[in-house]
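Heads up: the structure comes next, in structure tokens.
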Number of protein chains: 2
Amino acid sequence: MTTRGEQMQAQVLTVLKRKGAAMSAYDVLDALRADHPKIAPPTVYRALNALIEKGGVHRVESLNAFVACNSDDHDHDHSSVMSICDDCGSVEESPAPELMDNLSGILSKTGFAAQRHVIEVHGTCSDCVADGSKP
Amino acid sequence: MTTRGEQMQAQVLTVLKRKGAAMSAYDVLDALRADHPKIAPPTVYRALNALIEKGGVHRVESLNAFVACNSDDHDHDHSSVMSICDDCGSVEESPAPELMDNLSGILSKTGFAAQRHVIEVHGTCSDCVADGSKP
DNA sequence: CGACTTGCGTTACAATATAACGTAATCTAA
DNA sequence: TTAGATTACGTTATATTGTAACGCAAGTCG
């Protein structure tokens, strides 16, 4: 087992968890510059991609951004819905097995062989709804 | 009613329909250079955004690309699933009202107020499945 | 017609992402 | 242990995607 690069991955994950919301790769890059003054984009993208493979990080396609997985228990086989708050940037994952079954049913009728699901819902999270429109 | 720019929108829509698959904004730009040698990105993005507002074009978030809406009948209130073939680039929309209800149910439990749904499924379309793995 | 408004075209640049190359770290086998 | 193979890292450079801002042209309305 190689451990090269895992330090970088750990630092990237720490940054994302500390933020608790979606961050662009370049936001992560800036956060890492404190420790690594000469860090470059490919380093960050490689760490992010490795973390995505492991399931510790998800890519938010509709934001071109990344978020730490906060629910450690669920499996990461794409069986969840991402709720993205456009006010505060928080991202929650909700497991949705029935929805996936429903989707499979719809698609199988058309002969489409699904491989990857992107289910992202934009809106306002309960906290931001409670805070009112624009305090 | 202004008609300025509608020519451009019409040409963009023609390009997208002729392609019959997702295209990046810059692919559209290149296609338009034949008629408009000096065309620039904002012109294309403005036309694309106007067409998206009207519902004639959809943005494919997971590809950073755009596709002409091929089913003229359905309403465009986000109530459909996009099936994206990673082999040929074709994009199909399937209405999925039950799925949307299901999704609303899941999210309302968390207090999340949904405003926009991004439901994109990547895989292989029936034509490409029929063509075998790599002919 | 002349003043006002809208939004287009253009220039320039910002934000996101990756190709490619040399090299250092790790692994394998003798 | 070390030579050779392999992996994947850091770096440079560049590709790709998207937008801010400004001046002007086209349409609007008195």
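The chains in the structure tokens are called A, B, ... from first to last as shown; in each chain the residues are counted from 1, and the ligands are counted from 1 in the order shown.
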
What's around stretch 10-16 of chain C at 9 Å? Count only C-alpha atoms (C1' of nucleotides), leave out sequence neighbours fewer than 5 positions away in its own chain, and write the answer as number ranges by chain. A: 24-26, 64; B: 40; D: 16-20

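The list of residues with at least one atom within 9 Å of A:Gly89, based on only C-alpha atoms (C1' of nucleotides) and without residues fewer than 2 positions apart in the same chain, reads Gly20, Ala21, Ala22, Met23, Ile84, Cys85, Asp86, Asp87 and Val91 of chain A.
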
Those residues with N, CA and C atoms, as a PDB file, in the first residue's frame please?
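again-v3.pdb written:
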```pdb
ATOM      1  N   GLY A  20     -17.644  22.582   5.857  1.00  0.00           N
ATOM      2  CA  GLY A  20     -19.013  22.084   6.021  1.00  0.00           C
ATOM      3  C   GLY A  20     -19.960  22.494   4.921  1.00  0.00           C
ATOM      4  N   ALA A  21     -19.401  22.809   3.769  1.00  0.00           N
ATOM      5  CA  ALA A  21     -20.225  23.220   2.628  1.00  0.00           C
ATOM      6  C   ALA A  21     -19.430  22.951   1.364  1.00  0.00           C
ATOM      7  N   ALA A  22     -20.057  23.184   0.241  1.00  0.00           N
ATOM      8  CA  ALA A  22     -19.364  22.948  -1.016  1.00  0.00           C
ATOM      9  C   ALA A  22     -18.271  23.991  -1.217  1.00  0.00           C
ATOM     10  N   MET A  23     -17.130  23.528  -1.716  1.00  0.00           N
ATOM     11  CA  MET A  23     -16.015  24.423  -2.033  1.00  0.00           C
ATOM     12  C   MET A  23     -15.535  24.124  -3.445  1.00  0.00           C
ATOM     13  N   ILE A  84     -28.863  20.988  -1.917  1.00  0.00           N
ATOM     14  CA  ILE A  84     -27.888  22.074  -1.908  1.00  0.00           C
ATOM     15  C   ILE A  84     -28.592  23.373  -1.550  1.00  0.00           C
ATOM     16  N   CYS A  85     -28.188  23.974  -0.453  1.00  0.00           N
ATOM     17  CA  CYS A  85     -28.782  25.255  -0.068  1.00  0.00           C
ATOM     18  C   CYS A  85     -28.085  26.379  -0.819  1.00  0.00           C
ATOM     19  N   ASP A  86     -28.850  27.116  -1.608  1.00  0.00           N
ATOM     20  CA  ASP A  86     -28.261  28.191  -2.400  1.00  0.00           C
ATOM     21  C   ASP A  86     -27.987  29.434  -1.550  1.00  0.00           C
ATOM     22  N   ASP A  87     -28.514  29.439  -0.326  1.00  0.00           N
ATOM     23  CA  ASP A  87     -28.221  30.552   0.571  1.00  0.00           C
ATOM     24  C   ASP A  87     -26.879  30.340   1.267  1.00  0.00           C
ATOM     25  N   VAL A  91     -24.638  21.285   2.016  1.00  0.00           N
ATOM     26  CA  VAL A  91     -25.066  20.168   1.176  1.00  0.00           C
ATOM     27  C   VAL A  91     -25.387  18.987   2.079  1.00  0.00           C
TER      28      VAL A  91
END
```

Show me, as CSV, the residues of chain D having an atom within 8 Å of stretch 23-28 of chain C, each with the closest atom pair and its distance in Å, using only C-alpha atoms (C1' of nucleotides).
```
residue,atom,partner,partner_atom,distance
D:DA5,C1',C:DT28,C1',7.9
D:DT6,C1',C:DC27,C1',7.5
D:DT7,C1',C:DT26,C1',7.6
D:DC9,C1',C:DA24,C1',7.9
```

Could those selected residues go to a file with N, CA and C atoms (P, O5', C5', C4', C3', O3' and C1' of nucleotides), as a short mmCIF file (atom, residue, chain, number, x, y, z; two decimals), in the first residue's frame?
```cif
data_model
loop_
_atom_site.label_atom_id
_atom_site.label_comp_id
_atom_site.auth_asym_id
_atom_site.auth_seq_id
_atom_site.Cartn_x
_atom_site.Cartn_y
_atom_site.Cartn_z
P DA D 5 13.71 -2.63 -16.51
"O5'" DA D 5 12.36 -2.57 -15.68
"C5'" DA D 5 11.83 -3.78 -15.14
"C4'" DA D 5 10.58 -3.47 -14.35
"C3'" DA D 5 9.56 -2.60 -15.11
"O3'" DA D 5 8.27 -3.15 -14.89
"C1'" DA D 5 10.13 -1.57 -13.06
P DT D 6 6.99 -2.57 -15.59
"O5'" DT D 6 6.37 -1.65 -14.44
"C5'" DT D 6 6.19 -2.23 -13.14
"C4'" DT D 6 5.66 -1.17 -12.19
"C3'" DT D 6 4.59 -0.23 -12.80
"O3'" DT D 6 3.49 -0.26 -11.92
"C1'" DT D 6 6.24 1.00 -11.66
P DT D 7 2.05 0.23 -12.37
"O5'" DT D 7 1.79 1.36 -11.28
"C5'" DT D 7 2.17 1.11 -9.93
"C4'" DT D 7 2.39 2.42 -9.21
"C3'" DT D 7 1.32 3.49 -9.49
"O3'" DT D 7 0.83 3.91 -8.24
"C1'" DT D 7 3.49 4.40 -9.69
P DC D 9 -0.27 10.64 -5.88
"O5'" DC D 9 0.74 11.77 -5.41
"C5'" DC D 9 2.06 11.42 -5.03
"C4'" DC D 9 3.06 12.46 -5.50
"C3'" DC D 9 2.48 13.88 -5.58
"O3'" DC D 9 3.23 14.74 -4.73
"C1'" DC D 9 3.64 13.33 -7.58
#
```

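Using only C-alpha atoms (C1' of nucleotides), the shortest contact distance between chain B and any of D:DG30, D:DT2, D:DA15, D:DG23 is found at D:DA15.
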
Once chain A has been least-squares superposed onto chain B, matching all their Cα atoms in order, can you return it as a CSV table (one decimal) with C-alpha atoms, in the first residue's frame?
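The result, written out as result_30.csv:
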```csv
chain,number,residue,atom,x,y,z
A,1,MET,CA,-41.6,42.7,-28.3
A,2,THR,CA,-38.0,42.9,-29.1
A,3,THR,CA,-36.8,40.7,-31.9
A,4,ARG,CA,-33.2,41.6,-31.5
A,5,GLY,CA,-31.1,38.6,-31.0
A,6,GLU,CA,-33.7,36.2,-31.9
A,7,GLN,CA,-32.0,35.4,-35.1
A,8,MET,CA,-28.9,34.4,-33.1
A,9,GLN,CA,-31.1,32.3,-30.8
A,10,ALA,CA,-32.7,30.6,-33.8
A,11,GLN,CA,-29.3,29.8,-35.3
A,12,VAL,CA,-28.0,28.4,-32.0
A,13,LEU,CA,-31.1,26.3,-31.7
A,14,THR,CA,-30.6,25.0,-35.3
A,15,VAL,CA,-27.1,24.1,-34.5
A,16,LEU,CA,-28.1,22.2,-31.4
A,17,LYS,CA,-30.9,20.4,-33.1
A,18,ARG,CA,-28.8,19.4,-36.1
A,19,LYS,CA,-26.3,17.9,-33.7
A,20,GLY,CA,-29.0,16.0,-31.7
A,21,ALA,CA,-26.7,15.7,-28.8
A,22,ALA,CA,-25.1,17.7,-26.1
A,23,MET,CA,-22.7,20.4,-27.2
A,24,SER,CA,-20.4,22.7,-25.3
A,25,ALA,CA,-20.9,26.4,-25.7
A,26,TYR,CA,-17.6,26.5,-27.5
A,27,ASP,CA,-18.7,23.8,-29.9
A,28,VAL,CA,-21.7,25.9,-30.7
A,29,LEU,CA,-19.4,28.9,-31.1
A,30,ASP,CA,-17.3,27.1,-33.6
A,31,ALA,CA,-20.4,26.0,-35.6
A,32,LEU,CA,-21.5,29.6,-35.7
A,33,ARG,CA,-18.2,30.9,-37.0
A,34,ALA,CA,-19.2,29.9,-40.5
A,35,ASP,CA,-21.9,32.6,-40.5
A,36,HIS,CA,-20.3,34.9,-38.0
A,37,PRO,CA,-16.6,35.0,-38.3
A,38,LYS,CA,-16.2,37.4,-35.4
A,39,ILE,CA,-18.6,35.9,-32.9
A,40,ALA,CA,-17.5,35.8,-29.3
A,41,PRO,CA,-18.4,33.7,-26.2
A,42,PRO,CA,-20.9,36.1,-24.6
A,43,THR,CA,-23.0,36.2,-27.7
A,44,VAL,CA,-23.4,32.4,-27.5
A,45,TYR,CA,-23.9,32.3,-23.8
A,46,ARG,CA,-26.6,35.0,-24.0
A,47,ALA,CA,-28.4,33.1,-26.8
A,48,LEU,CA,-28.2,29.8,-24.8
A,49,ASN,CA,-29.4,31.4,-21.6
A,50,ALA,CA,-32.4,33.0,-23.4
A,51,LEU,CA,-33.2,29.6,-25.0
A,52,ILE,CA,-33.0,27.9,-21.6
A,53,GLU,CA,-35.4,30.5,-20.2
A,54,LYS,CA,-37.8,29.7,-23.0
A,55,GLY,CA,-37.4,26.0,-22.5
A,56,GLY,CA,-36.0,25.2,-26.0
A,57,VAL,CA,-32.7,24.3,-24.6
A,58,HIS,CA,-31.5,22.5,-21.5
A,59,ARG,CA,-28.2,22.7,-19.7
A,60,VAL,CA,-26.6,19.4,-18.9
A,61,GLU,CA,-24.9,20.3,-15.6
A,62,SER,CA,-22.8,17.1,-15.4
A,63,LEU,CA,-21.3,17.9,-18.8
A,64,ASN,CA,-21.1,21.6,-18.7
A,65,ALA,CA,-23.0,21.4,-22.0
A,66,PHE,CA,-26.2,22.2,-23.7
A,67,VAL,CA,-28.8,20.2,-25.6
A,68,ALA,CA,-31.9,21.1,-27.7
A,69,CYS,CA,-35.1,20.0,-26.1
A,70,ASN,CA,-36.4,17.2,-28.4
A,71,SER,CA,-39.8,16.6,-26.9
A,72,ASP,CA,-41.9,19.6,-27.8
A,73,ASP,CA,-44.9,18.5,-25.9
A,74,HIS,CA,-43.9,18.2,-22.3
A,75,ASP,CA,-43.9,21.2,-20.0
A,76,HIS,CA,-40.6,22.4,-18.9
A,77,ASP,CA,-41.1,22.8,-15.2
A,78,HIS,CA,-38.1,20.6,-14.4
A,79,SER,CA,-40.2,17.5,-14.1
A,80,SER,CA,-38.1,15.2,-16.2
A,81,VAL,CA,-35.1,13.0,-16.1
A,82,MET,CA,-32.2,13.4,-18.5
A,83,SER,CA,-30.6,10.3,-19.8
A,84,ILE,CA,-27.1,10.9,-21.1
A,85,CYS,CA,-25.4,8.4,-23.3
A,86,ASP,CA,-21.7,8.5,-22.6
A,87,ASP,CA,-21.0,6.7,-25.8
A,88,CYS,CA,-22.8,8.8,-28.4
A,89,GLY,CA,-23.6,11.9,-26.3
A,90,SER,CA,-27.3,11.7,-27.0
A,91,VAL,CA,-29.6,13.1,-24.3
A,92,GLU,CA,-33.2,12.0,-23.8
A,93,GLU,CA,-35.7,13.5,-21.5
A,94,SER,CA,-38.2,11.3,-19.7
A,95,PRO,CA,-41.1,12.8,-17.8
A,96,ALA,CA,-41.1,11.4,-14.3
A,97,PRO,CA,-43.9,13.0,-12.2
A,98,GLU,CA,-43.9,10.1,-9.6
A,99,LEU,CA,-40.2,10.5,-9.1
A,100,MET,CA,-40.7,14.2,-8.5
A,101,ASP,CA,-43.4,13.5,-5.9
A,102,ASN,CA,-41.1,11.0,-4.3
A,103,LEU,CA,-38.3,13.5,-4.2
A,104,SER,CA,-40.6,16.2,-2.8
A,105,GLY,CA,-41.7,13.8,-0.1
A,106,ILE,CA,-38.1,13.0,0.9
A,107,LEU,CA,-37.1,16.6,1.1
A,108,SER,CA,-40.1,18.0,2.8
A,109,LYS,CA,-39.3,15.8,5.8
A,110,THR,CA,-36.0,17.6,6.2
A,111,GLY,CA,-37.6,21.1,5.8
A,112,PHE,CA,-35.7,21.8,2.6
A,113,ALA,CA,-37.5,24.0,0.2
A,114,ALA,CA,-36.7,22.8,-3.3
A,115,GLN,CA,-36.5,25.2,-6.2
A,116,ARG,CA,-34.6,23.5,-9.0
A,117,HIS,CA,-34.1,19.8,-9.7
A,118,VAL,CA,-31.0,18.4,-11.5
A,119,ILE,CA,-31.6,14.8,-12.4
A,120,GLU,CA,-29.2,13.4,-14.8
A,121,VAL,CA,-28.4,9.8,-15.4
A,122,HIS,CA,-25.2,8.7,-17.3
A,123,GLY,CA,-25.0,5.4,-19.0
A,124,THR,CA,-25.5,3.8,-22.4
A,125,CYS,CA,-28.5,4.3,-24.6
A,126,SER,CA,-30.3,1.4,-26.2
A,127,ASP,CA,-28.8,2.1,-29.6
A,128,CYS,CA,-25.2,2.0,-28.2
A,129,VAL,CA,-26.0,-1.1,-26.1
A,130,ALA,CA,-27.2,-2.8,-29.3
A,131,ASP,CA,-24.1,-1.8,-31.1
A,132,GLY,CA,-22.0,-3.8,-28.7
A,133,SER,CA,-19.1,-2.7,-26.5
A,134,LYS,CA,-16.7,-1.1,-29.0
A,135,PRO,CA,-17.4,-1.9,-32.7
```

Please determine the contact residues of chain D with respect to chain A at a cut-off of 9 Å, counting only C-alpha atoms (C1' of nucleotides), and supply them as a count of residues only. 4

Mind listing the strand (DSSP E or B) residues of stretch 4-104 of chain A, per DSSP on the backbone, as a PDB file with C-alpha atoms, in the first residue's frame?
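Just written: states.pdb:
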```pdb
ATOM      1  CA  MET A  23     -16.015  24.423  -2.033  1.00  0.00           C
ATOM      2  CA  VAL A  57     -15.861  13.453  -0.944  1.00  0.00           C
ATOM      3  CA  HIS A  58     -18.611  14.087  -3.464  1.00  0.00           C
ATOM      4  CA  ARG A  59     -18.526  16.288  -6.488  1.00  0.00           C
ATOM      5  CA  VAL A  60     -21.449  18.670  -6.851  1.00  0.00           C
ATOM      6  CA  ALA A  65     -17.617  22.111  -6.531  1.00  0.00           C
ATOM      7  CA  PHE A  66     -16.784  19.506  -3.920  1.00  0.00           C
ATOM      8  CA  VAL A  67     -18.125  18.599  -0.520  1.00  0.00           C
ATOM      9  CA  ALA A  68     -17.032  16.288   2.276  1.00  0.00           C
ATOM     10  CA  SER A  80     -28.600   9.341  -2.449  1.00  0.00           C
ATOM     11  CA  VAL A  81     -29.997  12.748  -3.182  1.00  0.00           C
ATOM     12  CA  MET A  82     -27.958  15.867  -2.600  1.00  0.00           C
ATOM     13  CA  SER A  83     -29.795  18.890  -1.244  1.00  0.00           C
ATOM     14  CA  ILE A  84     -27.888  22.074  -1.908  1.00  0.00           C
ATOM     15  CA  CYS A  85     -28.782  25.255  -0.068  1.00  0.00           C
ATOM     16  CA  VAL A  91     -25.066  20.168   1.176  1.00  0.00           C
ATOM     17  CA  GLU A  92     -26.982  17.301   2.721  1.00  0.00           C
ATOM     18  CA  GLU A  93     -27.233  13.765   1.448  1.00  0.00           C
ATOM     19  CA  SER A  94     -30.460  11.862   1.850  1.00  0.00           C
ATOM     20  CA  PRO A  95     -30.605   8.177   1.056  1.00  0.00           C
TER      21      PRO A  95
END
```

Would you list, as a PyMOL selection string, the residues of stretch 3-89 of chain A that end up in alpha helix (DSSP H) under DSSP run on this structure's backbone? chain A and resi 6-19+25-32+41-54

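Atom pair atom C1' of D:DG27 / atom C1' of C:DG9: separated by 16.5 Å.
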